[in-house]
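Data from entry.pdb: PDB, C-alpha atoms, pLDDT in the B column
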ATOM      1  CA  MET A   1      -5.712 -39.459  29.015  1.00 46.00           C
ATOM      2  CA  SER A   2      -7.924 -37.728  26.424  1.00 56.00           C
ATOM      3  CA  ALA A   3      -6.305 -36.564  23.225  1.00 65.00           C
ATOM      4  CA  VAL A   4      -5.531 -32.853  23.035  1.00 65.00           C
ATOM      5  CA  LEU A   5      -7.993 -31.149  20.730  1.00 72.00           C
ATOM      6  CA  LYS A   6      -6.987 -28.353  18.368  1.00 76.00           C
ATOM      7  CA  ALA A   7      -8.890 -26.472  15.693  1.00 76.00           C
ATOM      8  CA  PRO A   8      -7.317 -24.213  13.034  1.00 83.00           C
ATOM      9  CA  LEU A   9      -9.476 -21.114  12.558  1.00 83.00           C
ATOM     10  CA  THR A  10      -9.367 -18.360   9.948  1.00 87.00           C
ATOM     11  CA  VAL A  11     -11.278 -15.118  10.308  1.00 87.00           C
ATOM     12  CA  GLU A  12     -11.224 -13.076   7.098  1.00 87.00           C
ATOM     13  CA  PHE A  13     -13.268 -10.160   5.811  1.00 86.00           C
ATOM     14  CA  PRO A  14     -12.827  -7.060   3.612  1.00 89.00           C
ATOM     15  CA  PHE A  15     -12.954  -3.761   5.505  1.00 88.00           C
ATOM     16  CA  THR A  16     -14.458  -0.993   3.366  1.00 91.00           C
ATOM     17  CA  ARG A  17     -14.176   2.667   4.313  1.00 90.00           C
ATOM     18  CA  SER A  18     -14.659   6.039   2.680  1.00 93.00           C
ATOM     19  CA  LEU A  19     -11.927   8.682   2.745  1.00 93.00           C
ATOM     20  CA  GLY A  20     -11.967  12.289   3.852  1.00 92.00           C
ATOM     21  CA  PRO A  21     -10.155  14.992   1.876  1.00 94.00           C
ATOM     22  CA  VAL A  22      -6.777  14.493   3.567  1.00 95.00           C
ATOM     23  CA  GLN A  23      -6.545  10.703   3.267  1.00 95.00           C
ATOM     24  CA  SER A  24      -7.999  10.878  -0.241  1.00 96.00           C
ATOM     25  CA  ALA A  25      -5.246  13.276  -1.310  1.00 96.00           C
ATOM     26  CA  PHE A  26      -2.550  11.171   0.383  1.00 97.00           C
ATOM     27  CA  LEU A  27      -3.556   7.903  -1.316  1.00 97.00           C
ATOM     28  CA  THR A  28      -4.240   9.539  -4.669  1.00 97.00           C
ATOM     29  CA  GLY A  29      -0.792  11.108  -4.400  1.00 97.00           C
ATOM     30  CA  LEU A  30       0.803   7.705  -3.899  1.00 97.00           C
ATOM     31  CA  ARG A  31      -0.910   6.543  -7.063  1.00 96.00           C
ATOM     32  CA  GLU A  32       0.738   9.475  -8.851  1.00 96.00           C
ATOM     33  CA  ARG A  33       4.130   8.971  -7.127  1.00 96.00           C
ATOM     34  CA  VAL A  34       3.641  12.031  -4.936  1.00 97.00           C
ATOM     35  CA  ILE A  35       3.949  11.892  -1.135  1.00 97.00           C
ATOM     36  CA  LEU A  36       1.828  14.384   0.770  1.00 97.00           C
ATOM     37  CA  GLY A  37       1.765  15.364   4.411  1.00 97.00           C
ATOM     38  CA  VAL A  38      -0.165  17.989   6.349  1.00 97.00           C
ATOM     39  CA  ARG A  39       1.229  21.090   8.027  1.00 96.00           C
ATOM     40  CA  THR A  40       0.016  21.826  11.540  1.00 95.00           C
ATOM     41  CA  GLY A  41      -0.580  25.261  13.027  1.00 92.00           C
ATOM     42  CA  ASP A  42       2.849  25.240  14.694  1.00 93.00           C
ATOM     43  CA  GLY A  43       4.618  24.422  11.415  1.00 94.00           C
ATOM     44  CA  ARG A  44       5.213  20.682  11.775  1.00 96.00           C
ATOM     45  CA  THR A  45       4.688  18.428   8.741  1.00 97.00           C
ATOM     46  CA  LEU A  46       3.052  15.087   9.534  1.00 97.00           C
ATOM     47  CA  VAL A  47       3.559  12.081   7.247  1.00 96.00           C
ATOM     48  CA  PRO A  48       1.435  10.050   6.964  1.00 95.00           C
ATOM     49  CA  PRO A  49      -1.088  12.875   7.239  1.00 96.00           C
ATOM     50  CA  VAL A  50      -3.899  13.070   9.783  1.00 95.00           C
ATOM     51  CA  GLU A  51      -7.059  15.151   9.670  1.00 95.00           C
ATOM     52  CA  TYR A  52      -6.796  16.533  13.204  1.00 95.00           C
ATOM     53  CA  ASP A  53      -3.775  17.927  15.031  1.00 92.00           C
ATOM     54  CA  PRO A  54      -2.704  15.304  17.623  1.00 91.00           C
ATOM     55  CA  VAL A  55      -1.725  18.094  20.037  1.00 90.00           C
ATOM     56  CA  THR A  56      -4.512  20.675  19.674  1.00 92.00           C
ATOM     57  CA  ALA A  57      -7.235  18.498  18.036  1.00 93.00           C
ATOM     58  CA  GLU A  58      -7.759  21.250  15.464  1.00 94.00           C
ATOM     59  CA  GLU A  59      -8.772  20.208  11.949  1.00 95.00           C
ATOM     60  CA  ILE A  60      -5.880  20.492   9.493  1.00 93.00           C
ATOM     61  CA  ARG A  61      -6.129  20.618   5.709  1.00 92.00           C
ATOM     62  CA  ASP A  62      -2.847  22.292   4.675  1.00 95.00           C
ATOM     63  CA  LEU A  63      -1.319  19.690   2.354  1.00 96.00           C
ATOM     64  CA  VAL A  64       2.401  19.811   1.588  1.00 96.00           C
ATOM     65  CA  GLU A  65       4.543  17.558  -0.597  1.00 97.00           C
ATOM     66  CA  VAL A  66       7.622  15.874   0.892  1.00 97.00           C
ATOM     67  CA  ALA A  67      10.511  14.032  -0.770  1.00 97.00           C
ATOM     68  CA  PRO A  68      10.616  10.288  -1.564  1.00 97.00           C
ATOM     69  CA  THR A  69      13.992  10.126   0.208  1.00 97.00           C
ATOM     70  CA  GLY A  70      14.509   9.997   3.947  1.00 97.00           C
ATOM     71  CA  THR A  71      16.316   8.700   7.021  1.00 98.00           C
ATOM     72  CA  VAL A  72      15.700   5.559   9.071  1.00 98.00           C
ATOM     73  CA  THR A  73      14.900   6.503  12.677  1.00 98.00           C
ATOM     74  CA  THR A  74      14.498   2.955  14.015  1.00 98.00           C
ATOM     75  CA  TRP A  75      14.132  -0.563  12.628  1.00 98.00           C
ATOM     76  CA  ALA A  76      13.528  -4.262  13.358  1.00 98.00           C
ATOM     77  CA  TRP A  77      14.550  -7.253  11.239  1.00 98.00           C
ATOM     78  CA  ASN A  78      11.838  -9.606   9.968  1.00 97.00           C
ATOM     79  CA  HIS A  79      13.570 -12.919   9.286  1.00 96.00           C
ATOM     80  CA  ALA A  80      10.421 -14.847   8.334  1.00 94.00           C
ATOM     81  CA  PRO A  81       7.917 -12.781   6.322  1.00 94.00           C
ATOM     82  CA  ARG A  82       4.300 -13.889   6.535  1.00 88.00           C
ATOM     83  CA  ARG A  83       1.681 -14.068   3.821  1.00 84.00           C
ATOM     84  CA  GLY A  84       0.556 -10.648   2.665  1.00 85.00           C
ATOM     85  CA  GLN A  85       3.574  -8.726   3.950  1.00 92.00           C
ATOM     86  CA  PRO A  86       5.338  -6.301   1.575  1.00 94.00           C
ATOM     87  CA  LEU A  87       8.244  -8.611   0.662  1.00 96.00           C
ATOM     88  CA  ALA A  88       8.505 -12.392   0.397  1.00 95.00           C
ATOM     89  CA  THR A  89      12.179 -12.425   1.421  1.00 96.00           C
ATOM     90  CA  PRO A  90      13.552 -11.324   4.832  1.00 97.00           C
ATOM     91  CA  PHE A  91      13.425  -7.562   5.253  1.00 98.00           C
ATOM     92  CA  ALA A  92      13.497  -4.813   7.876  1.00 98.00           C
ATOM     93  CA  TRP A  93      10.525  -2.969   9.245  1.00 98.00           C
ATOM     94  CA  VAL A  94      11.636   0.669   9.379  1.00 98.00           C
ATOM     95  CA  LEU A  95      10.359   4.028  10.522  1.00 98.00           C
ATOM     96  CA  VAL A  96      11.474   6.549   7.904  1.00 98.00           C
ATOM     97  CA  ARG A  97      11.387  10.307   8.366  1.00 98.00           C
ATOM     98  CA  LEU A  98      11.055  11.541   4.813  1.00 97.00           C
ATOM     99  CA  ASP A  99      12.935  14.695   3.864  1.00 97.00           C
ATOM    100  CA  GLY A 100      10.634  17.587   4.664  1.00 96.00           C
ATOM    101  CA  ALA A 101       8.612  15.662   7.275  1.00 97.00           C
ATOM    102  CA  ASP A 102       8.745  15.849  11.057  1.00 97.00           C
ATOM    103  CA  THR A 103       7.259  12.405  11.730  1.00 97.00           C
ATOM    104  CA  ALA A 104       8.147   8.925  10.485  1.00 97.00           C
ATOM    105  CA  LEU A 105       6.363   6.537   8.141  1.00 97.00           C
ATOM    106  CA  LEU A 106       6.323   2.777   8.818  1.00 98.00           C
ATOM    107  CA  HIS A 107       7.143   0.514   5.883  1.00 98.00           C
ATOM    108  CA  ALA A 108       9.463  -2.273   4.703  1.00 98.00           C
ATOM    109  CA  LEU A 109      13.121  -1.855   3.734  1.00 98.00           C
ATOM    110  CA  ASP A 110      14.605  -4.246   1.185  1.00 98.00           C
ATOM    111  CA  ALA A 111      18.094  -5.031   2.515  1.00 97.00           C
ATOM    112  CA  PRO A 112      20.382  -8.080   2.163  1.00 96.00           C
ATOM    113  CA  GLY A 113      20.563  -8.657   5.928  1.00 96.00           C
ATOM    114  CA  PRO A 114      20.355  -7.003   9.349  1.00 97.00           C
ATOM    115  CA  ASP A 115      24.013  -5.978   9.167  1.00 97.00           C
ATOM    116  CA  ALA A 116      23.116  -3.734   6.215  1.00 97.00           C
ATOM    117  CA  VAL A 117      20.564  -1.751   8.245  1.00 98.00           C
ATOM    118  CA  HIS A 118      21.253   0.957  10.802  1.00 98.00           C
ATOM    119  CA  THR A 119      19.542   3.932  12.361  1.00 98.00           C
ATOM    120  CA  GLY A 120      20.438   7.030  10.391  1.00 97.00           C
ATOM    121  CA  MET A 121      20.838   5.257   7.035  1.00 98.00           C
ATOM    122  CA  ARG A 122      19.501   6.990   3.964  1.00 98.00           C
ATOM    123  CA  VAL A 123      16.740   5.349   1.956  1.00 98.00           C
ATOM    124  CA  ARG A 124      14.320   6.137  -0.849  1.00 97.00           C
ATOM    125  CA  VAL A 125      10.916   4.924  -1.976  1.00 98.00           C
ATOM    126  CA  ARG A 126      10.692   2.057  -4.438  1.00 98.00           C
ATOM    127  CA  TRP A 127       7.393   2.541  -6.212  1.00 98.00           C
ATOM    128  CA  ALA A 128       5.152  -0.369  -7.178  1.00 97.00           C
ATOM    129  CA  GLY A 129       4.866  -1.037 -10.896  1.00 95.00           C
ATOM    130  CA  GLU A 130       1.066  -0.860 -10.752  1.00 96.00           C
ATOM    131  CA  ARG A 131      -0.433   1.704  -8.391  1.00 96.00           C
ATOM    132  CA  THR A 132      -4.074   1.959  -7.366  1.00 94.00           C
ATOM    133  CA  GLY A 133      -4.161   4.514  -4.543  1.00 94.00           C
ATOM    134  CA  ALA A 134      -3.078   2.484  -1.511  1.00 94.00           C
ATOM    135  CA  ILE A 135      -0.119   2.357   0.872  1.00 94.00           C
ATOM    136  CA  THR A 136       1.091  -0.647  -1.147  1.00 95.00           C
ATOM    137  CA  ASP A 137       1.831   1.787  -3.991  1.00 97.00           C
ATOM    138  CA  ILE A 138       5.063   2.163  -2.040  1.00 98.00           C
ATOM    139  CA  ALA A 139       6.472  -1.299  -2.726  1.00 97.00           C
ATOM    140  CA  CYS A 140       9.159  -0.758  -0.076  1.00 98.00           C
ATOM    141  CA  PHE A 141      12.135   1.429   0.741  1.00 98.00           C
ATOM    142  CA  GLU A 142      15.647   0.721  -0.533  1.00 98.00           C
ATOM    143  CA  PRO A 143      19.115   1.929   0.531  1.00 98.00           C
ATOM    144  CA  TYR A 144      20.105   5.205  -1.115  1.00 97.00           C
ATOM    145  CA  ASP A 145      23.373   7.161  -1.163  1.00 94.00           C
ATOM    146  CA  GLY A 146      22.449   9.866  -3.654  1.00 90.00           C
ATOM    147  CA  GLU A 147      21.409  13.477  -3.260  1.00 89.00           C
ATOM    148  CA  ARG A 148      18.361  14.495  -1.312  1.00 87.00           C
ATOM    149  CA  ALA A 149      15.357  14.616  -3.632  1.00 85.00           C
ATOM    150  CA  GLU A 150      13.473  17.897  -3.809  1.00 87.00           C
ATOM    151  CA  PRO A 151       9.656  17.803  -3.958  1.00 87.00           C
ATOM    152  CA  ALA A 152       7.956  19.687  -6.768  1.00 85.00           C
ATOM    153  CA  GLY A 153       5.503  21.451  -4.452  1.00 86.00           C
ATOM    154  CA  HIS A 154       2.333  19.634  -5.507  1.00 89.00           C
ATOM    155  CA  SER A 155      -0.898  21.294  -4.380  1.00 88.00           C
ATOM    156  CA  GLY A 156      -2.649  18.063  -3.457  1.00 89.00           C
ATOM    157  CA  GLU A 157      -5.348  18.550  -6.111  1.00 91.00           C
ATOM    158  CA  PHE A 158      -5.871  15.522  -8.366  1.00 92.00           C
ATOM    159  CA  ALA A 159      -8.269  14.483 -11.061  1.00 88.00           C
ATOM    160  CA  ASP A 160     -10.090  11.217 -10.419  1.00 91.00           C
ATOM    161  CA  ALA A 161      -9.252  11.192  -6.706  1.00 94.00           C
ATOM    162  CA  VAL A 162      -9.425   8.006  -4.643  1.00 94.00           C
ATOM    163  CA  THR A 163     -12.536   8.252  -2.433  1.00 93.00           C
ATOM    164  CA  GLY A 164     -12.572   4.864  -0.701  1.00 93.00           C
ATOM    165  CA  ILE A 165     -10.503   1.792   0.039  1.00 91.00           C
ATOM    166  CA  VAL A 166     -11.093  -1.890   0.701  1.00 89.00           C
ATOM    167  CA  ALA A 167      -8.584  -3.322   3.177  1.00 84.00           C
ATOM    168  CA  PRO A 168      -8.520  -7.123   3.589  1.00 84.00           C
ATOM    169  CA  ALA A 169      -8.314  -8.301   7.191  1.00 86.00           C
ATOM    170  CA  ARG A 170      -7.301 -11.870   8.042  1.00 83.00           C
ATOM    171  CA  LEU A 171      -6.459 -13.672  11.273  1.00 85.00           C
ATOM    172  CA  ASP A 172      -5.098 -17.234  11.306  1.00 84.00           C
ATOM    173  CA  TYR A 173      -4.836 -19.012  14.631  1.00 80.00           C
ATOM    174  CA  THR A 174      -5.202 -22.414  16.282  1.00 80.00           C
ATOM    175  CA  TYR A 175      -7.734 -22.820  19.061  1.00 76.00           C
ATOM    176  CA  SER A 176      -6.905 -25.225  21.905  1.00 76.00           C
ATOM    177  CA  PRO A 177      -9.875 -25.729  24.262  1.00 75.00           C
ATOM    178  CA  GLY A 178      -9.377 -25.920  28.016  1.00 76.00           C
ATOM    179  CA  ARG A 179      -9.905 -28.978  30.199  1.00 75.00           C
ATOM    180  CA  ALA A 180     -13.654 -28.469  30.660  1.00 76.00           C
ATOM    181  CA  THR A 181     -14.370 -27.898  26.967  1.00 78.00           C
ATOM    182  CA  THR A 182     -12.112 -30.800  25.962  1.00 80.00           C
ATOM    183  CA  GLY A 183     -14.033 -33.142  28.249  1.00 80.00           C
ATOM    184  CA  TYR A 184     -17.326 -31.856  26.871  1.00 80.00           C
ATOM    185  CA  LEU A 185     -16.273 -32.428  23.252  1.00 80.00           C
ATOM    186  CA  HIS A 186     -14.922 -35.915  23.949  1.00 81.00           C
ATOM    187  CA  ALA A 187     -18.222 -36.734  25.680  1.00 83.00           C
ATOM    188  CA  LEU A 188     -20.163 -35.598  22.623  1.00 83.00           C
ATOM    189  CA  ALA A 189     -18.033 -37.920  20.498  1.00 83.00           C
ATOM    190  CA  GLY A 190     -19.207 -40.730  22.788  1.00 85.00           C
ATOM    191  CA  ARG A 191     -22.855 -39.605  22.502  1.00 90.00           C
ATOM    192  CA  ARG A 192     -22.934 -38.269  26.056  1.00 89.00           C
ATOM    193  CA  MET A 193     -23.831 -34.837  27.367  1.00 87.00           C
ATOM    194  CA  VAL A 194     -21.833 -33.473  30.293  1.00 85.00           C
ATOM    195  CA  GLY A 195     -21.742 -30.170  32.141  1.00 85.00           C
ATOM    196  CA  GLU A 196     -19.607 -28.659  34.866  1.00 85.00           C
ATOM    197  CA  ARG A 197     -20.693 -27.731  38.400  1.00 85.00           C
ATOM    198  CA  CYS A 198     -19.378 -24.549  39.968  1.00 85.00           C
ATOM    199  CA  PRO A 199     -17.709 -25.492  43.277  1.00 85.00           C
ATOM    200  CA  SER A 200     -18.948 -22.253  44.836  1.00 85.00           C
ATOM    201  CA  CYS A 201     -22.571 -21.661  43.821  1.00 87.00           C
ATOM    202  CA  ARG A 202     -23.145 -25.323  42.776  1.00 87.00           C
ATOM    203  CA  LYS A 203     -24.841 -24.344  39.504  1.00 87.00           C
ATOM    204  CA  VAL A 204     -24.302 -26.715  36.560  1.00 88.00           C
ATOM    205  CA  TYR A 205     -23.544 -25.244  33.153  1.00 83.00           C
ATOM    206  CA  VAL A 206     -23.897 -26.976  29.778  1.00 86.00           C
ATOM    207  CA  PRO A 207     -21.673 -26.558  27.877  1.00 83.00           C
ATOM    208  CA  PRO A 208     -18.947 -25.983  30.482  1.00 82.00           C
ATOM    209  CA  ARG A 209     -17.788 -22.379  30.821  1.00 76.00           C
ATOM    210  CA  GLY A 210     -14.373 -22.781  32.455  1.00 72.00           C
ATOM    211  CA  ALA A 211     -15.332 -19.905  34.757  1.00 80.00           C
ATOM    212  CA  CYS A 212     -18.722 -19.489  36.441  1.00 82.00           C
ATOM    213  CA  PRO A 213     -20.673 -16.557  34.885  1.00 81.00           C
ATOM    214  CA  THR A 214     -22.509 -16.058  38.188  1.00 80.00           C
ATOM    215  CA  CYS A 215     -19.752 -15.924  40.779  1.00 78.00           C
ATOM    216  CA  GLY A 216     -16.620 -15.922  38.638  1.00 67.00           C
TER     217      GLY A 216
END

Can the structure in the file be given as structure tokens, please?
Amino acid sequence: MSAVLKAPLTVEFPFTRSLGPVQSAFLTGLRERVILGVRTGDGRTLVPPVEYDPVTAEEIRDLVEVAPTGTVTTWAWNHAPRRGQPLATPFAWVLVRLDGADTALLHALDAPGPDAVHTGMRVRVRWAGERTGAITDIACFEPYDGERAEPAGHSGEFADAVTGIVAPARLDYTYSPGRATTGYLHALAGRRMVGERCPSCRKVYVPPRGACPTCG
């Protein structure tokens, strides 16, 4: 029996994008420890903000500050954090509806264990020590039993606004070829060239496809 072939593959690239006025204000606000949402025509406040109303598709630019405190609406425990995630120790992924917002923001909650997390618990933002204008300026959320914080009513106007971001994208996976490809690769190792004949149309393909591109 031929040995099972496997190949570790990593796909990694930086994704660069420019920002419109709403996302620019949101990320610049995070750099300045200010959390901004947008107010829709029917009075809802969306955090994180979007540039178009998800119900009416109308453009929205009415920025409004919300509090750095909020309530967990749902959560899931992450017992084995992966590289690049917000915390290196086990934590909870949480949706937090910040005080003053009508929608929830996804982020990490630093908690000692799943028994310490529950829907309805109060939390607050833990800011990163160094902030650059990215969602990672919120280091995580942490449990909070104090008074509700009141926003200062920031206008959303900033000097030296963030106009673009570079987001790293990385995918790590292991590729295991199917029977046809495995046989083809083992044949190459033995300095032979093999193909595979479709049992329906009888065409021979090199390298093998696994499924016939002509008749499926």

Neighbour list for Pro114 in chain A as an mmCIF file with C-alpha atoms, in the coordinates of the input, cut-off 12 Å, only C-alpha atoms, skip fewer than 6 positions in-chain:
data_model
loop_
_atom_site.group_PDB
_atom_site.id
_atom_site.type_symbol
_atom_site.label_atom_id
_atom_site.label_comp_id
_atom_site.auth_asym_id
_atom_site.auth_seq_id
_atom_site.Cartn_x
_atom_site.Cartn_y
_atom_site.Cartn_z
ATOM 1 C CA TRP A 75 14.132 -0.563 12.628
ATOM 2 C CA ALA A 76 13.528 -4.262 13.358
ATOM 3 C CA TRP A 77 14.550 -7.253 11.239
ATOM 4 C CA ASN A 78 11.838 -9.606 9.968
ATOM 5 C CA HIS A 79 13.570 -12.919 9.286
ATOM 6 C CA PRO A 90 13.552 -11.324 4.832
ATOM 7 C CA PHE A 91 13.425 -7.562 5.253
ATOM 8 C CA ALA A 92 13.497 -4.813 7.876
ATOM 9 C CA TRP A 93 10.525 -2.969 9.245
ATOM 10 C CA VAL A 94 11.636 0.669 9.379
#

**Message:** Can you spell out as a PyMOL selection string the set of residues that the PyMOL selection byres ((chain A and resi 15) around 12) selects in the structure I just provided?
**Reply:** chain A and resi 12-14+16-18+164-170

**Message:** the PyMOL selection byres ((chain A and resi 104) around 12) - which residues does that actually catch in the file I just gave you? List them as JSON, numbers by chain.
**Reply:** {"A": [37, 45, 46, 47, 48, 49, 66, 69, 70, 71, 72, 73, 74, 75, 94, 95, 96, 97, 98, 99, 100, 101, 102, 103, 105, 106, 107]}

**Message:** So, with only C-alpha atoms as the atoms that count, which of A:Ala128, A:Cys140, A:Leu9, A:Val50 lies closest to Ala108 in chain A?
**Reply:**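 Of A:Ala128, A:Cys140, A:Leu9, A:Val50, the one nearest Ala108 in chain A is A:Cys140, counting only C-alpha atoms.
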
**Between CA of Gly84 in chain A and CA of Phe158 in chain A, distance in Å (one decimal)** =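 Answer for the CA of Gly84 in chain A to CA of Phe158 in chain A separation: 29.1 Å.
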
**Message:** I need the residue nearest Glu150 in chain A from this list: A:Leu185, A:Ala25, A:Ala67, A:Leu87. Use all atoms listed in the file for the distance.
**Reply:**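 The shortest atom-to-atom distance to Glu150 in chain A comes from A:Ala67.
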
Can you sort out range 128-149 of chain A so it carries N, CA and C atoms, written as a PDB file, in the frame of the given file?
ATOM      1  N   ALA A 128       5.721   0.833  -6.560  1.00 97.00           N
ATOM      2  CA  ALA A 128       5.152  -0.369  -7.178  1.00 97.00           C
ATOM      3  C   ALA A 128       4.940  -0.116  -8.663  1.00 97.00           C
ATOM      4  N   GLY A 129       5.055  -1.173  -9.457  1.00 95.00           N
ATOM      5  CA  GLY A 129       4.866  -1.037 -10.896  1.00 95.00           C
ATOM      6  C   GLY A 129       3.450  -0.642 -11.260  1.00 95.00           C
ATOM      7  N   GLU A 130       2.471  -1.213 -10.550  1.00 96.00           N
ATOM      8  CA  GLU A 130       1.066  -0.860 -10.752  1.00 96.00           C
ATOM      9  C   GLU A 130       0.559  -0.233  -9.458  1.00 96.00           C
ATOM     10  N   ARG A 131      -0.001   0.959  -9.566  1.00 96.00           N
ATOM     11  CA  ARG A 131      -0.433   1.704  -8.391  1.00 96.00           C
ATOM     12  C   ARG A 131      -1.932   1.993  -8.489  1.00 96.00           C
ATOM     13  N   THR A 132      -2.609   1.844  -7.379  1.00 94.00           N
ATOM     14  CA  THR A 132      -4.074   1.959  -7.366  1.00 94.00           C
ATOM     15  C   THR A 132      -4.597   2.989  -6.374  1.00 94.00           C
ATOM     16  N   GLY A 133      -3.707   3.593  -5.572  1.00 94.00           N
ATOM     17  CA  GLY A 133      -4.161   4.514  -4.543  1.00 94.00           C
ATOM     18  C   GLY A 133      -4.243   3.831  -3.201  1.00 94.00           C
ATOM     19  N   ALA A 134      -3.144   3.202  -2.783  1.00 94.00           N
ATOM     20  CA  ALA A 134      -3.078   2.484  -1.511  1.00 94.00           C
ATOM     21  C   ALA A 134      -1.650   2.583  -0.991  1.00 94.00           C
ATOM     22  N   ILE A 135      -1.461   2.276   0.293  1.00 94.00           N
ATOM     23  CA  ILE A 135      -0.119   2.357   0.872  1.00 94.00           C
ATOM     24  C   ILE A 135       0.820   1.373   0.188  1.00 94.00           C
ATOM     25  N   THR A 136       0.270   0.317  -0.419  1.00 95.00           N
ATOM     26  CA  THR A 136       1.091  -0.647  -1.147  1.00 95.00           C
ATOM     27  C   THR A 136       1.622  -0.088  -2.466  1.00 95.00           C
ATOM     28  N   ASP A 137       1.210   1.141  -2.833  1.00 97.00           N
ATOM     29  CA  ASP A 137       1.831   1.787  -3.991  1.00 97.00           C
ATOM     30  C   ASP A 137       3.303   2.065  -3.710  1.00 97.00           C
ATOM     31  N   ILE A 138       3.656   2.205  -2.435  1.00 98.00           N
ATOM     32  CA  ILE A 138       5.063   2.163  -2.040  1.00 98.00           C
ATOM     33  C   ILE A 138       5.398   0.684  -1.875  1.00 98.00           C
ATOM     34  N   ALA A 139       6.144   0.120  -2.813  1.00 97.00           N
ATOM     35  CA  ALA A 139       6.472  -1.299  -2.726  1.00 97.00           C
ATOM     36  C   ALA A 139       7.317  -1.563  -1.483  1.00 97.00           C
ATOM     37  N   CYS A 140       8.281  -0.669  -1.235  1.00 98.00           N
ATOM     38  CA  CYS A 140       9.159  -0.758  -0.076  1.00 98.00           C
ATOM     39  C   CYS A 140      10.116   0.428  -0.142  1.00 98.00           C
ATOM     40  N   PHE A 141      11.005   0.512   0.820  1.00 98.00           N
ATOM     41  CA  PHE A 141      12.135   1.429   0.741  1.00 98.00           C
ATOM     42  C   PHE A 141      13.375   0.631   0.339  1.00 98.00           C
ATOM     43  N   GLU A 142      14.380   1.341  -0.170  1.00 98.00           N
ATOM     44  CA  GLU A 142      15.647   0.721  -0.533  1.00 98.00           C
ATOM     45  C   GLU A 142      16.790   1.648  -0.129  1.00 98.00           C
ATOM     46  N   PRO A 143      17.969   1.084   0.171  1.00 98.00           N
ATOM     47  CA  PRO A 143      19.115   1.929   0.531  1.00 98.00           C
ATOM     48  C   PRO A 143      19.415   2.932  -0.573  1.00 98.00           C
ATOM     49  N   TYR A 144      19.876   4.123  -0.153  1.00 97.00           N
ATOM     50  CA  TYR A 144      20.105   5.205  -1.115  1.00 97.00           C
ATOM     51  C   TYR A 144      21.261   6.072  -0.640  1.00 97.00           C
ATOM     52  N   ASP A 145      22.226   6.323  -1.529  1.00 94.00           N
ATOM     53  CA  ASP A 145      23.373   7.161  -1.163  1.00 94.00           C
ATOM     54  C   ASP A 145      23.521   8.373  -2.075  1.00 94.00           C
ATOM     55  N   GLY A 146      22.411   8.725  -2.748  1.00 90.00           N
ATOM     56  CA  GLY A 146      22.449   9.866  -3.654  1.00 90.00           C
ATOM     57  C   GLY A 146      22.049  11.156  -2.970  1.00 90.00           C
ATOM     58  N   GLU A 147      21.796  12.170  -3.766  1.00 89.00           N
ATOM     59  CA  GLU A 147      21.409  13.477  -3.260  1.00 89.00           C
ATOM     60  C   GLU A 147      19.976  13.456  -2.740  1.00 89.00           C
ATOM     61  N   ARG A 148      19.715  14.346  -1.827  1.00 87.00           N
ATOM     62  CA  ARG A 148      18.361  14.495  -1.312  1.00 87.00           C
ATOM     63  C   ARG A 148      17.435  14.945  -2.438  1.00 87.00           C
ATOM     64  N   ALA A 149      16.315  14.242  -2.594  1.00 85.00           N
ATOM     65  CA  ALA A 149      15.357  14.616  -3.632  1.00 85.00           C
ATOM     66  C   ALA A 149      14.569  15.837  -3.182  1.00 85.00           C
TER      67      ALA A 149
END
